[in-house]
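Below: data-v9.txt (compact mmCIF, C-alpha atoms)
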```
# COMPACT_ATOMS: atom_id res chain seq x y z
CA MET C 142 66.84 80.66 71.65
CA ALA C 143 67.53 78.60 74.75
CA SER C 144 64.50 77.44 76.66
CA LEU C 145 63.25 79.34 79.68
CA LYS C 146 64.07 76.46 81.95
CA SER C 147 67.65 76.11 80.86
CA ILE C 148 68.31 79.84 81.24
CA LYS C 149 66.80 79.77 84.70
CA LYS C 150 69.10 76.90 85.59
CA ARG C 151 72.15 78.76 84.44
CA ILE C 152 71.21 81.83 86.44
CA VAL C 153 70.93 79.70 89.54
CA SER C 154 74.28 78.07 88.96
CA VAL C 155 76.04 81.39 88.35
CA LYS C 156 74.45 82.72 91.52
CA ASN C 157 75.86 79.78 93.42
CA THR C 158 79.30 80.44 92.00
CA ARG C 159 79.03 84.06 92.98
CA GLN C 160 78.21 83.07 96.49
CA ILE C 161 81.35 80.97 96.68
CA THR C 162 83.63 83.59 95.19
CA LYS C 163 82.18 86.20 97.51
CA ALA C 164 82.77 84.00 100.53
CA MET C 165 86.31 83.23 99.43
CA LYS C 166 87.00 86.90 98.98
CA MET C 167 85.80 87.61 102.49
CA VAL C 168 87.87 84.82 103.97
CA SER C 169 90.94 86.03 102.13
CA ALA C 170 90.37 89.57 103.26
CA ALA C 171 90.31 88.46 106.87
CA LYS C 172 93.37 86.28 106.46
CA LEU C 173 95.14 89.00 104.57
CA ARG C 174 94.83 91.38 107.46
CA ARG C 175 96.51 88.91 109.78
CA ALA C 176 99.18 88.01 107.23
CA GLN C 177 99.89 91.66 106.65
CA GLU C 178 100.31 92.25 110.34
CA ASN C 179 102.77 89.38 110.48
CA VAL C 180 104.81 90.83 107.64
CA VAL C 181 104.94 94.20 109.30
CA ALA C 182 105.80 92.67 112.66
CA ALA C 183 108.66 90.65 111.23
CA ARG C 184 110.23 93.58 109.46
CA PRO C 185 112.00 95.21 112.40
CA TYR C 186 113.68 91.92 113.28
CA ALA C 187 114.97 91.39 109.76
CA LYS C 188 116.09 95.00 109.55
CA LYS C 189 117.92 94.95 112.84
CA LEU C 190 119.57 91.66 112.06
CA GLY C 191 120.75 93.10 108.78
CA GLU C 192 122.22 96.06 110.64
CA VAL C 193 124.06 93.85 113.09
CA LEU C 194 125.37 91.76 110.23
CA GLN C 195 126.55 94.88 108.50
CA ASN C 196 128.34 96.08 111.58
CA LEU C 197 130.03 92.75 111.91
CA SER C 198 131.07 92.34 108.34
CA ALA C 199 132.44 95.88 108.29
CA SER C 200 134.99 94.88 110.85
CA LEU C 201 135.44 91.43 109.45
CA GLU C 202 138.92 90.13 109.19
CA GLY C 203 140.78 86.87 109.40
CA ASP C 204 139.29 83.57 108.40
CA LEU C 205 136.37 83.51 106.10
CA HIS C 206 133.29 81.79 107.32
CA PRO C 207 132.21 78.84 105.13
CA LEU C 208 128.99 80.61 104.23
CA LEU C 209 130.93 83.53 102.78
CA GLU C 210 133.03 81.34 100.56
CA LYS C 211 132.70 82.11 96.90
CA ARG C 212 133.20 79.07 94.74
CA ASP C 213 133.03 78.38 91.07
CA ALA C 214 129.32 78.31 90.58
CA LYS C 215 128.53 74.88 89.18
CA ASN C 216 125.42 73.80 91.01
CA LEU C 217 122.58 76.18 91.47
CA LEU C 218 119.77 75.79 93.92
CA LEU C 219 116.71 77.92 93.46
CA ILE C 220 114.20 78.10 96.25
CA VAL C 221 110.76 78.86 94.92
CA LEU C 222 107.93 79.92 97.15
CA THR C 223 104.38 79.57 95.96
CA SER C 224 101.05 79.02 97.62
CA ASP C 225 99.55 75.62 98.32
CA ARG C 226 96.18 76.44 96.89
CA GLY C 227 95.05 77.87 93.62
CA LEU C 228 92.28 80.30 92.73
CA CYS C 229 94.41 83.33 93.25
CA GLY C 230 94.77 84.71 89.77
CA GLY C 231 98.19 84.81 88.23
CA PHE C 232 99.96 84.66 91.55
CA ASN C 233 101.51 81.23 91.14
CA THR C 234 101.57 81.05 87.37
CA ASN C 235 103.53 84.24 86.99
CA LEU C 236 106.08 83.17 89.54
CA CYS C 237 106.48 79.70 88.05
CA LYS C 238 106.94 81.17 84.61
CA ALA C 239 109.54 83.58 85.93
CA ALA C 240 111.34 80.67 87.57
CA ASP C 241 111.25 78.69 84.37
CA ARG C 242 112.56 81.61 82.31
CA TYR C 243 115.30 82.28 84.79
CA LEU C 244 116.42 78.67 84.99
CA LYS C 245 116.41 78.30 81.19
CA GLU C 246 118.71 81.27 81.04
CA LYS C 247 121.04 79.80 83.61
CA GLU C 248 121.05 76.30 82.26
CA SER C 249 124.09 76.90 80.08
CA SER C 250 126.27 78.40 82.79
CA PHE C 251 125.63 75.78 85.46
CA ASP C 252 126.37 72.08 85.48
CA GLN C 253 123.38 71.24 87.53
CA ILE C 254 120.28 73.04 88.55
CA SER C 255 118.04 71.94 91.34
CA VAL C 256 114.96 73.42 92.82
CA MET C 257 113.58 73.50 96.30
CA THR C 258 109.92 74.31 96.40
CA ILE C 259 107.87 75.60 99.24
CA GLY C 260 104.21 75.34 98.40
CA ARG C 261 102.38 72.75 96.36
CA LYS C 262 101.68 74.82 93.25
CA GLY C 263 105.30 75.48 92.51
CA TYR C 264 106.18 71.87 93.07
CA GLU C 265 103.56 70.67 90.63
CA PHE C 266 104.77 73.06 87.99
CA LEU C 267 108.48 72.49 88.36
CA LYS C 268 108.72 68.81 89.17
CA SER C 269 108.46 67.69 85.57
CA ARG C 270 110.95 70.25 84.33
CA TYR C 271 113.76 70.30 86.88
CA THR C 272 115.27 68.20 89.59
CA VAL C 273 113.33 68.95 92.71
CA TYR C 274 115.70 68.67 95.57
CA LYS C 275 113.11 69.02 98.24
CA ASN C 276 109.54 70.04 98.52
CA TYR C 277 107.67 71.46 101.46
CA SER C 278 103.94 71.71 101.22
CA ASN C 279 101.39 72.84 103.73
CA VAL C 280 103.89 74.83 105.74
CA LEU C 281 102.46 78.14 104.65
CA ALA C 282 99.08 77.73 106.27
CA LYS C 283 100.68 78.81 109.50
CA PRO C 284 104.18 80.08 108.85
CA ASN C 285 106.32 79.66 111.89
CA TYR C 286 109.90 80.42 112.58
CA GLN C 287 110.86 76.87 113.49
CA THR C 288 109.96 75.60 110.05
CA ALA C 289 111.98 78.35 108.44
CA ALA C 290 114.90 77.54 110.71
CA MET C 291 114.72 73.89 109.76
CA MET C 292 114.72 74.68 106.06
CA ALA C 293 117.57 77.12 106.50
CA GLN C 294 119.59 74.46 108.26
CA GLU C 295 119.05 72.10 105.38
CA VAL C 296 120.12 74.68 102.83
CA ILE C 297 123.17 75.58 104.86
CA ASP C 298 124.21 71.97 105.29
CA GLY C 299 123.89 71.38 101.56
CA PHE C 300 125.92 74.47 100.80
CA VAL C 301 128.68 73.65 103.23
CA ALA C 302 128.83 70.07 101.98
CA GLY C 303 129.26 71.42 98.46
CA GLU C 304 126.05 70.02 97.02
CA TYR C 305 125.42 73.39 95.49
CA ASP C 306 127.53 76.49 95.18
CA GLN C 307 124.94 79.14 94.80
CA VAL C 308 121.54 79.49 96.38
CA GLU C 309 118.90 81.92 95.29
CA LEU C 310 115.45 82.69 96.52
CA LEU C 311 112.44 83.46 94.37
CA TYR C 312 109.17 84.63 95.82
CA ASN C 313 106.32 87.08 95.48
CA SER C 314 106.94 89.98 97.77
CA PHE C 315 103.93 91.76 99.08
CA ARG C 316 103.73 95.32 97.88
CA THR C 317 100.11 96.26 98.05
CA VAL C 318 96.95 94.23 98.24
CA MET C 319 96.60 94.48 94.50
CA SER C 320 100.14 93.86 93.43
CA GLN C 321 102.93 91.49 94.25
CA ASP C 322 106.47 91.79 92.98
CA ILE C 323 108.38 88.79 91.80
CA THR C 324 111.60 88.99 93.75
CA PHE C 325 114.93 87.30 93.25
CA GLU C 326 117.22 87.30 96.20
CA PRO C 327 120.70 85.86 96.32
CA MET C 328 121.11 83.88 99.48
CA LEU C 329 124.37 81.97 99.50
CA PRO C 330 127.22 82.66 99.46
CA VAL C 331 126.56 85.68 101.62
CA VAL C 332 128.02 88.79 100.11
CA PRO C 333 128.65 91.37 102.80
CA ASP C 334 127.26 94.67 101.76
CA LYS C 335 130.10 97.13 102.01
CA SER C 336 128.40 99.93 100.17
CA ALA C 337 126.56 101.39 103.15
CA GLU C 338 129.73 101.87 105.09
CA THR C 339 130.45 105.29 103.71
CA ASP C 340 127.60 107.19 105.29
CA ALA C 341 128.31 106.19 108.87
CA THR C 342 131.62 105.89 110.58
CA PRO C 343 131.97 102.31 111.75
CA VAL C 344 131.59 102.10 115.48
CA GLU C 345 134.26 100.28 117.40
CA TYR C 346 132.33 97.64 119.23
CA ILE C 347 133.43 95.44 122.03
CA TYR C 348 132.68 91.97 120.78
CA GLU C 349 131.94 89.09 123.04
CA PRO C 350 132.90 86.40 122.05
CA SER C 351 135.03 87.25 119.00
CA VAL C 352 133.79 88.71 115.72
CA ASP C 353 134.31 85.43 113.93
CA GLU C 354 132.30 83.49 116.44
CA LEU C 355 129.51 86.01 116.40
CA LEU C 356 129.48 85.98 112.65
CA ALA C 357 129.33 82.21 112.63
CA GLU C 358 126.15 82.43 114.63
CA ILE C 359 124.55 85.34 112.91
CA LEU C 360 125.04 84.23 109.32
CA PRO C 361 122.79 81.16 109.62
CA LYS C 362 120.29 83.34 111.47
CA ASN C 363 120.20 85.67 108.55
CA ILE C 364 119.35 82.80 106.21
CA GLU C 365 116.56 81.72 108.52
CA VAL C 366 115.15 85.19 108.62
CA GLN C 367 115.39 85.50 104.87
CA ILE C 368 113.33 82.35 104.41
CA PHE C 369 110.91 83.30 107.14
CA THR C 370 110.32 86.74 105.66
CA ALA C 371 109.82 85.24 102.22
CA MET C 372 107.26 82.85 103.68
CA LEU C 373 105.32 85.65 105.31
CA GLU C 374 105.43 87.77 102.18
CA THR C 375 104.19 84.86 100.12
CA VAL C 376 101.27 84.23 102.44
CA ALA C 377 100.28 87.88 102.46
CA GLY C 378 100.69 88.06 98.70
CA GLU C 379 98.62 84.95 98.19
CA HIS C 380 95.69 86.28 100.14
CA GLY C 381 95.97 89.64 98.45
CA ALA C 382 95.99 88.00 95.05
CA ARG C 383 93.10 85.73 95.93
CA MET C 384 91.08 88.61 97.21
CA THR C 385 91.58 90.53 93.99
CA ALA C 386 90.88 87.48 91.85
CA MET C 387 87.75 86.60 93.76
CA ASP C 388 86.57 90.17 93.65
CA SER C 389 86.78 90.27 89.89
CA ALA C 390 85.20 86.82 89.70
CA SER C 391 82.25 88.09 91.72
CA LYS C 392 81.99 91.10 89.46
CA ASN C 393 82.01 88.90 86.39
CA ALA C 394 79.32 86.72 87.93
CA ASN C 395 77.19 89.80 88.53
CA GLU C 396 77.59 90.83 84.95
CA MET C 397 76.73 87.37 83.75
CA ILE C 398 73.63 87.22 85.91
CA GLY C 399 72.54 90.55 84.46
CA LYS C 400 72.95 89.30 80.93
CA LEU C 401 71.21 86.03 81.61
CA THR C 402 68.31 87.74 83.32
CA LEU C 403 67.86 89.97 80.32
CA GLN C 404 67.89 86.94 78.08
CA TYR C 405 65.43 85.21 80.35
CA ASN C 406 63.02 88.13 80.32
CA ARG C 407 63.24 88.41 76.56
CA ALA C 408 62.51 84.74 76.16
CA ARG C 409 59.58 85.03 78.53
CA GLN C 410 58.23 88.05 76.69
CA ALA C 411 58.57 86.23 73.38
CA ALA C 412 56.68 83.25 74.78
CA ILE C 413 53.88 85.49 76.03
CA THR C 414 53.66 87.25 72.70
CA THR C 415 53.40 83.98 70.82
CA GLU C 416 50.74 82.74 73.19
CA LEU C 417 48.73 85.93 72.79
CA MET C 418 49.02 85.71 69.03
CA GLU C 419 47.73 82.20 69.14
CA ILE C 420 44.76 83.13 71.31
CA ILE C 421 43.89 86.13 69.21
CA SER C 422 44.15 84.29 65.93
CA GLY C 423 42.09 81.46 67.45
CA SER C 424 39.27 83.77 68.51
CA GLU C 425 39.42 85.58 65.17
CA SER C 426 38.87 82.32 63.35
CA ILE C 427 35.88 81.40 65.55
CA LYS C 428 34.29 84.77 64.82
CA GLY C 429 34.80 83.77 61.24
CA MET N 165 119.83 108.77 138.00
CA ALA N 166 118.20 110.75 135.30
CA GLU N 167 119.98 109.10 132.45
CA LYS N 168 118.12 106.44 130.57
CA MET N 169 118.70 104.05 127.74
CA LYS N 170 116.36 103.03 125.00
CA LEU N 171 115.59 99.32 125.00
CA GLU N 172 114.11 97.44 122.10
CA ILE N 173 113.48 93.71 122.23
CA VAL N 174 112.54 92.30 118.87
CA THR N 175 111.46 88.80 117.87
CA PRO N 176 110.52 87.61 114.38
CA TYR N 177 106.88 87.82 115.37
CA LYS N 178 106.76 91.24 116.95
CA LYS N 179 108.47 93.95 118.89
CA VAL N 180 108.07 92.81 122.46
CA VAL N 181 109.52 95.75 124.34
CA ASP N 182 110.17 99.30 123.27
CA THR N 183 110.82 101.49 126.25
CA GLU N 184 113.26 103.60 128.24
CA VAL N 185 115.16 101.83 130.97
CA GLU N 186 117.69 102.62 133.65
CA GLU N 187 119.55 99.34 133.81
CA VAL N 188 119.65 96.02 132.02
CA THR N 189 121.13 92.70 133.02
CA ALA N 190 121.22 89.69 130.75
CA THR N 191 122.90 86.34 130.26
CA GLY N 192 125.55 86.52 127.58
CA SER N 193 127.34 83.59 126.04
CA LEU N 194 130.27 84.30 128.35
CA GLY N 195 128.19 84.90 131.43
CA GLU N 196 125.86 87.35 133.02
CA PHE N 197 126.45 91.03 132.47
CA GLY N 198 124.82 94.33 133.25
CA VAL N 199 124.78 97.61 131.41
CA LEU N 200 124.11 101.14 132.57
CA PRO N 201 123.72 104.34 130.55
CA GLY N 202 126.94 105.44 128.94
CA HIS N 203 128.16 101.96 128.20
CA ALA N 204 130.69 101.55 125.41
CA PRO N 205 129.44 100.02 122.15
CA PHE N 206 129.07 96.35 122.84
CA LEU N 207 127.80 93.36 120.92
CA THR N 208 127.34 89.90 122.30
CA SER N 209 125.33 86.78 121.74
CA LEU N 210 122.86 85.69 124.39
CA ARG N 211 122.23 82.27 125.77
CA ILE N 212 118.92 80.89 126.85
CA GLY N 213 118.48 82.85 130.01
CA GLU N 214 117.00 85.71 131.85
CA LEU N 215 116.92 89.38 131.04
CA ALA N 216 115.94 91.98 133.58
CA TYR N 217 115.53 95.68 133.10
CA LYS N 218 114.87 98.41 135.60
CA LEU N 219 112.24 100.96 134.85
CA ASN N 220 111.41 103.63 137.44
CA GLY N 221 113.13 101.56 140.06
CA VAL N 222 111.09 98.43 139.35
CA TYR N 223 112.62 95.35 137.79
CA GLU N 224 110.89 93.54 134.96
CA HIS N 225 112.02 90.01 134.30
CA MET N 226 111.91 88.23 131.00
CA SER N 227 112.91 84.83 129.76
CA LEU N 228 114.80 84.85 126.50
CA ASN N 229 115.69 82.26 124.00
CA TRP N 230 118.90 82.50 122.05
CA GLY N 231 119.71 85.88 120.53
CA TYR N 232 121.87 89.02 120.35
CA PHE N 233 122.43 92.03 122.48
CA GLU N 234 123.74 95.26 121.09
CA ILE N 235 124.27 98.59 122.74
CA CYS N 236 125.39 101.70 120.95
CA ASP N 237 124.91 105.32 122.05
CA ASP N 238 122.61 104.29 124.89
CA LYS N 239 120.40 102.43 122.48
CA ILE N 240 119.96 98.74 123.18
CA ILE N 241 118.71 96.34 120.59
CA VAL N 242 117.99 92.77 121.61
CA LEU N 243 117.23 90.31 118.85
CA VAL N 244 115.81 87.06 120.13
CA GLU N 245 113.76 84.19 118.86
CA THR N 246 111.38 84.29 121.75
CA ALA N 247 110.94 86.66 124.64
CA GLU N 248 108.33 86.46 127.36
CA LEU N 249 107.57 88.77 130.20
CA ALA N 250 107.40 87.05 133.56
CA ALA N 251 103.69 87.74 133.80
CA ASP N 252 103.03 86.11 130.43
CA ILE N 253 104.73 82.83 131.14
CA ASP N 254 102.52 79.82 131.29
CA LEU N 255 103.93 78.02 134.29
CA GLU N 256 101.95 74.84 133.73
CA ARG N 257 103.24 74.57 130.21
CA ALA N 258 106.81 75.15 131.31
CA LYS N 259 106.46 72.43 133.93
CA ALA N 260 105.04 70.03 131.40
CA ALA N 261 107.87 70.85 129.00
CA LEU N 262 110.36 70.29 131.77
CA SER N 263 109.14 66.84 132.65
CA ARG N 264 108.86 65.93 129.00
CA ALA N 265 112.44 67.00 128.33
CA GLU N 266 113.70 65.22 131.42
CA GLU N 267 112.08 62.03 130.36
CA LYS N 268 113.55 62.19 126.88
CA LEU N 269 116.99 62.99 128.20
CA LYS N 270 117.00 59.92 130.39
CA LYS N 271 116.68 57.73 127.35
CA LEU N 272 119.29 59.50 125.28
CA THR N 273 123.03 59.68 125.57
CA SER N 274 125.07 62.76 124.88
CA GLU N 275 126.07 61.42 121.48
CA ASP N 276 122.55 61.43 120.14
CA LYS N 277 121.58 64.15 117.74
CA GLN N 278 118.42 64.82 119.66
CA PHE N 279 120.24 65.25 122.93
CA LYS N 280 121.08 68.88 122.30
CA VAL N 281 117.55 69.66 121.26
CA TYR N 282 116.08 68.35 124.47
CA GLU N 283 118.83 69.84 126.54
CA ALA N 284 117.91 73.23 125.16
CA ALA N 285 114.25 72.52 125.81
CA LEU N 286 115.09 71.61 129.39
CA GLN N 287 117.04 74.80 129.84
CA ARG N 288 114.27 76.91 128.39
CA ALA N 289 111.72 75.34 130.69
CA LEU N 290 113.92 75.87 133.72
CA ILE N 291 114.50 79.51 132.90
CA ARG N 292 110.84 80.08 132.29
CA MET N 293 109.95 78.67 135.66
CA GLN N 294 112.65 80.67 137.34
CA VAL N 295 111.55 83.91 135.72
CA ALA N 296 107.87 83.22 136.28
CA GLY N 297 108.58 82.87 139.99
CA LYS N 298 110.15 86.31 140.05
CA GLY N 299 107.17 87.82 138.33
CA VAL N 300 104.91 86.67 141.15
CA ARG N 301 107.09 87.93 143.95
CA LYS N 302 107.34 91.42 142.55
```
Would it be possible to restate this file's structure as C-alpha cells?
Amino acid sequence: MASLKSIKKRIVSVKNTRQITKAMKMVSAAKLRRAQENVVAARPYAKKLGEVLQNLSASLEGDLHPLLEKRDAKNLLLIVLTSDRGLCGGFNTNLCKAADRYLKEKESSFDQISVMTIGRKGYEFLKSRYTVYKNYSNVLAKPNYQTAAMMAQEVIDGFVAGEYDQVELLYNSFRTVMSQDITFEPMLPVVPDKSAETDATPVEYIYEPSVDELLAEILPKNIEVQIFTAMLETVAGEHGARMTAMDSASKNANEMIGKLTLQYNRARQAAITTELMEIISGSESIKG
Amino acid sequence: MAEKMKLEIVTPYKKVVDTEVEEVTATGSLGEFGVLPGHAPFLTSLRIGELAYKLNGVYEHMSLNWGYFEICDDKIIVLVETAELAADIDLERAKAALSRAEEKLKKLTSEDKQFKVYEAALQRALIRMQVAGKGVRK
C-alpha cells in the first residue's frame, strides 16, 4: 500500500486540478453567455440577407455573376473552423476527423485539395496532411465582421481567379450548450435556392440600380455573413464544449478525491492498528 | 396620417431599430430618396450616408454604413454593416478618424489600393459628424 505521505500528496494535487477545471468551467460559462447572445443577434441579419438574395435570384436573368458560375470541379477548398485552444473535449478532434474523412473521400474526384483553417487546432491537425492554403489563428477570441469580410474577400478573389472551383465550409454549429453539430455548407459557387419560390408569389420589386448590380454586391456580402456566422457559432460551440468538458473533469476529480481519501483513511487506520498491536504485544512481554 | 410602416434596421451584431414609423429618408446608391406608407415594393443598395425616420412627428437621425434597403407591404428592412443613432455617435472619435483619414489621403494617390479604404473612412467620419450635429439640435 502506498505510504500516507504519497497519498496525501496526490489528494492535494487532484484538488489543485479540480480548482483549475472549476475555474475554467466558470470562465467558459460566462463567455458562453456572451457568445450565445452574439449568435442570436447575428441571426436576423443572416436571415434577412438570405431573403433578399432569394428575392433577387428569383428574378434573376441575363448575365451570370462570376460567383454563380459552375465550373468543372477540379480544385476544392475546404474552410475549417476550429478553436484556438484545447481542453474542450472532442470539439476540435471530432471536427478534424470529419474533415479528414471528407477530404479522403473527395481526393479521387478532385485534382487538388486545399484547406483554409481558422483556428490553431485545425491548422495543427491538417497541416501535415493537406496543403494549407491559408491559416488564421487568434481571430476567434473576438470575432468581428471586418475579419470575416477580409477572409471572404480572399476566398472570392481566389474563386474568381480560378484557383479553386468549389469552396465548402466546415464548422461546429451551436445547437445546445451540450451538443454541437458538425456542419458542412457549400459556399461557392452560389446555388440560388429556387425551391422556396412556390409558397410565395414573387413580388415585383423596383430595383435600384439593376438586379445584376445589386446581385453583384449582395453575393459577396452573403459569403461574408456565412463566414461570420460560422465564426460566431464556433466560438459559442467552443465555450459550450469546454464548459461540459470541464464540468465532467471536475466531477471526475471529486470522485478521485473521494477514492483517495478512503484509501488514505484506510492506510491511516492500518498504521494505527499496527502501532497498537506493537504496544500491546510489548507490554504483554514485559508482564511476562 | 394614421398609416405607419414597420422599420427594422439590422446589423450583423444586433437589431438596432425595430419600430413603427411614418416616413423614412435615406441615401441610396443613386441618390437620396424618401418613402411613405403605401410605397411600391422597392429594393436598393445604400451608400455611406444618413437615414432619418419620423416617429410621432419627430425625426431620428442615424448614420449608416453600406447596406440595403427593402420595402414590401409597408415593411421596411434595412441591412447595414453599422448603424448608429445620432445620440450614440462619439463625436471625438469621428473627428479623430476624419483627421487620420485626411492625413493618409494626402500621401496617397487615387491609384493606390488603400486610397478607397481611406476615402470610405473619410466619408464615414464626415457623415457621423453631420448626423451627430443633428442629434444635438433636435
What are the closest atom pairs, with distances in Å to one decimal, for all residues of chain C lying within 7 Å of chain N? Consider all atoms listed in the file, order rows by chain and residue number, and present the result as CSV.
```
residue,atom,partner,partner_atom,distance
C:Asn179,CA,N:Tyr177,CA,6.6
C:Ala182,CA,N:Lys178,CA,4.6
C:Ala183,CA,N:Pro176,CA,4.8
C:Tyr186,CA,N:Pro176,CA,5.5
C:Glu345,CA,N:Pro205,CA,6.8
C:Tyr346,CA,N:Pro205,CA,4.7
C:Ile347,CA,N:Phe206,CA,4.5
C:Tyr348,CA,N:Leu207,CA,5.1
C:Glu349,CA,N:Thr208,CA,4.7
C:Pro350,CA,N:Thr208,CA,6.6
C:Leu355,CA,N:Ser209,CA,6.8
```
Selection above as a file: C-alpha atoms, as a JSON list (two decimals), in the frame of the given file:
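Just written: selection.json:
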```json
[["chain", "number", "residue", "atom", "x", "y", "z"],
["C", 179, "ASN", "CA", 102.77, 89.38, 110.48],
["C", 182, "ALA", "CA", 105.80, 92.67, 112.66],
["C", 183, "ALA", "CA", 108.66, 90.65, 111.23],
["C", 186, "TYR", "CA", 113.68, 91.92, 113.28],
["C", 345, "GLU", "CA", 134.26, 100.28, 117.40],
["C", 346, "TYR", "CA", 132.33, 97.64, 119.23],
["C", 347, "ILE", "CA", 133.43, 95.44, 122.03],
["C", 348, "TYR", "CA", 132.68, 91.97, 120.78],
["C", 349, "GLU", "CA", 131.94, 89.09, 123.04],
["C", 350, "PRO", "CA", 132.90, 86.40, 122.05],
["C", 355, "LEU", "CA", 129.51, 86.01, 116.40]]
```
Anything within 7 Å of (115.3, 70.8, 89.1): list those residues as a ChimeraX atom specification, counting only C-alpha atoms and sticking to the file's coordinates. /C:254-256,268,270-274
Using all atoms listed in the file, which residue out of C:Leu356, C:Ile420, C:Leu145, C:Ile427 lies closest to Gly191 in chain C?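 Smallest separation from Gly191 in chain C among the options: C:Leu356.
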Please identify all polymer residues lying at most 9 Å from the point (102.6, 77.6, 106.1) (file coordinates), using all atoms listed in the file, and present the result as a ChimeraX atom specification. /C:224-225,259-260,278-285,288,372-373,376
Taking 4 positions as the minimum chain separation for residues in the same chain, which residues sit within 9 Å of Arg226 in chain C when counting only C-alpha atoms? Answer as a PyMOL selection string. chain C and resi 260-262+379
If we count all atoms listed in the file, what is near Ile368 in chain C at a cut-off of 9 Å, once residues fewer than 5 positions away on the same chain are taken out, given as a PDB file with C-alpha atoms, in the coordinates of the input?
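Below is the file that was written, around_15.pdb:
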```
ATOM      1  CA  ALA C 289     111.980  78.350 108.440  1.00  0.00           C
ATOM      2  CA  ALA C 290     114.900  77.540 110.710  1.00  0.00           C
ATOM      3  CA  MET C 292     114.720  74.680 106.060  1.00  0.00           C
ATOM      4  CA  ALA C 293     117.570  77.120 106.500  1.00  0.00           C
ATOM      5  CA  LEU C 310     115.450  82.690  96.520  1.00  0.00           C
ATOM      6  CA  ASN C 363     120.200  85.670 108.550  1.00  0.00           C
ATOM      7  CA  LEU C 373     105.320  85.650 105.310  1.00  0.00           C
TER       8      LEU C 373
END
```
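From CA of Arg257 in chain N back to CA of Lys218 in chain N, the distance works out to 27.1 Å.
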State, in Å with one decimal place, the distance from CA of Glu246 in chain C to CA of Glu304 in chain C.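 Calculated distance between CA of Glu246 in chain C and CA of Glu304 in chain C is 20.9 Å.
Near Asp322 in chain C, within 12 Å and counting all atoms listed in the file, sit C:Gly231, C:Phe232, C:Asn233, C:Asn235, C:Leu236, C:Ala239, C:Leu311, C:Tyr312, C:Asn313, C:Ser314, C:Phe315, C:Arg316, C:Ala371, C:Glu374, C:Thr375, C:Ala377, C:Gly378, C:Glu379, C:Ala382, not including residues fewer than 6 positions from it in the same chain.
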Please compute the CA of Asn276 in chain C-CA of Glu248 in chain C distance, one decimal, in Å.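 Between CA of Asn276 in chain C and CA of Glu248 in chain C the gap is 20.9 Å.
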Find the residues around range 404-415 of chain C up to 10 Å (only C-alpha atoms counted), leave out those fewer than 2 positions away in its own chain, and share them as a PyMOL selection string. chain C and resi 142-149+152+398-402+417-421
Which residues, written as a VMD selection string, have at least one atom at most 8 Å from Glu309 in chain C, with only C-alpha atoms counted and residues fewer than 4 positions away on the same chain left out? chain C and resid 217 to 220 325 to 329
Put range 368-390 of chain C into a file with C-alpha atoms, as a PDB file, in the first residue's frame.
```pdb
ATOM      1  CA  ILE C 368     -18.117  33.103 -42.583  1.00  0.00           C
ATOM      2  CA  PHE C 369     -19.069  35.489 -39.821  1.00  0.00           C
ATOM      3  CA  THR C 370     -21.925  33.290 -38.664  1.00  0.00           C
ATOM      4  CA  ALA C 371     -19.691  30.234 -38.744  1.00  0.00           C
ATOM      5  CA  MET C 372     -17.161  32.090 -36.610  1.00  0.00           C
ATOM      6  CA  LEU C 373     -19.755  33.022 -34.029  1.00  0.00           C
ATOM      7  CA  GLU C 374     -21.167  29.517 -33.948  1.00  0.00           C
ATOM      8  CA  THR C 375     -17.707  28.084 -33.474  1.00  0.00           C
ATOM      9  CA  VAL C 376     -16.953  30.390 -30.576  1.00  0.00           C
ATOM     10  CA  ALA C 377     -20.241  29.603 -28.880  1.00  0.00           C
ATOM     11  CA  GLY C 378     -19.742  25.904 -29.522  1.00  0.00           C
ATOM     12  CA  GLU C 379     -16.219  26.008 -28.165  1.00  0.00           C
ATOM     13  CA  HIS C 380     -17.271  27.527 -24.887  1.00  0.00           C
ATOM     14  CA  GLY C 381     -20.198  25.169 -24.614  1.00  0.00           C
ATOM     15  CA  ALA C 382     -17.945  22.198 -25.226  1.00  0.00           C
ATOM     16  CA  ARG C 383     -15.341  23.453 -22.792  1.00  0.00           C
ATOM     17  CA  MET C 384     -17.927  24.021 -20.144  1.00  0.00           C
ATOM     18  CA  THR C 385     -19.213  20.479 -20.486  1.00  0.00           C
ATOM     19  CA  ALA C 386     -15.715  19.030 -20.585  1.00  0.00           C
ATOM     20  CA  MET C 387     -14.592  20.976 -17.552  1.00  0.00           C
ATOM     21  CA  ASP C 388     -17.741  20.067 -15.693  1.00  0.00           C
ATOM     22  CA  SER C 389     -17.111  16.381 -16.164  1.00  0.00           C
ATOM     23  CA  ALA C 390     -13.445  16.883 -15.324  1.00  0.00           C
TER      24      ALA C 390
END
```
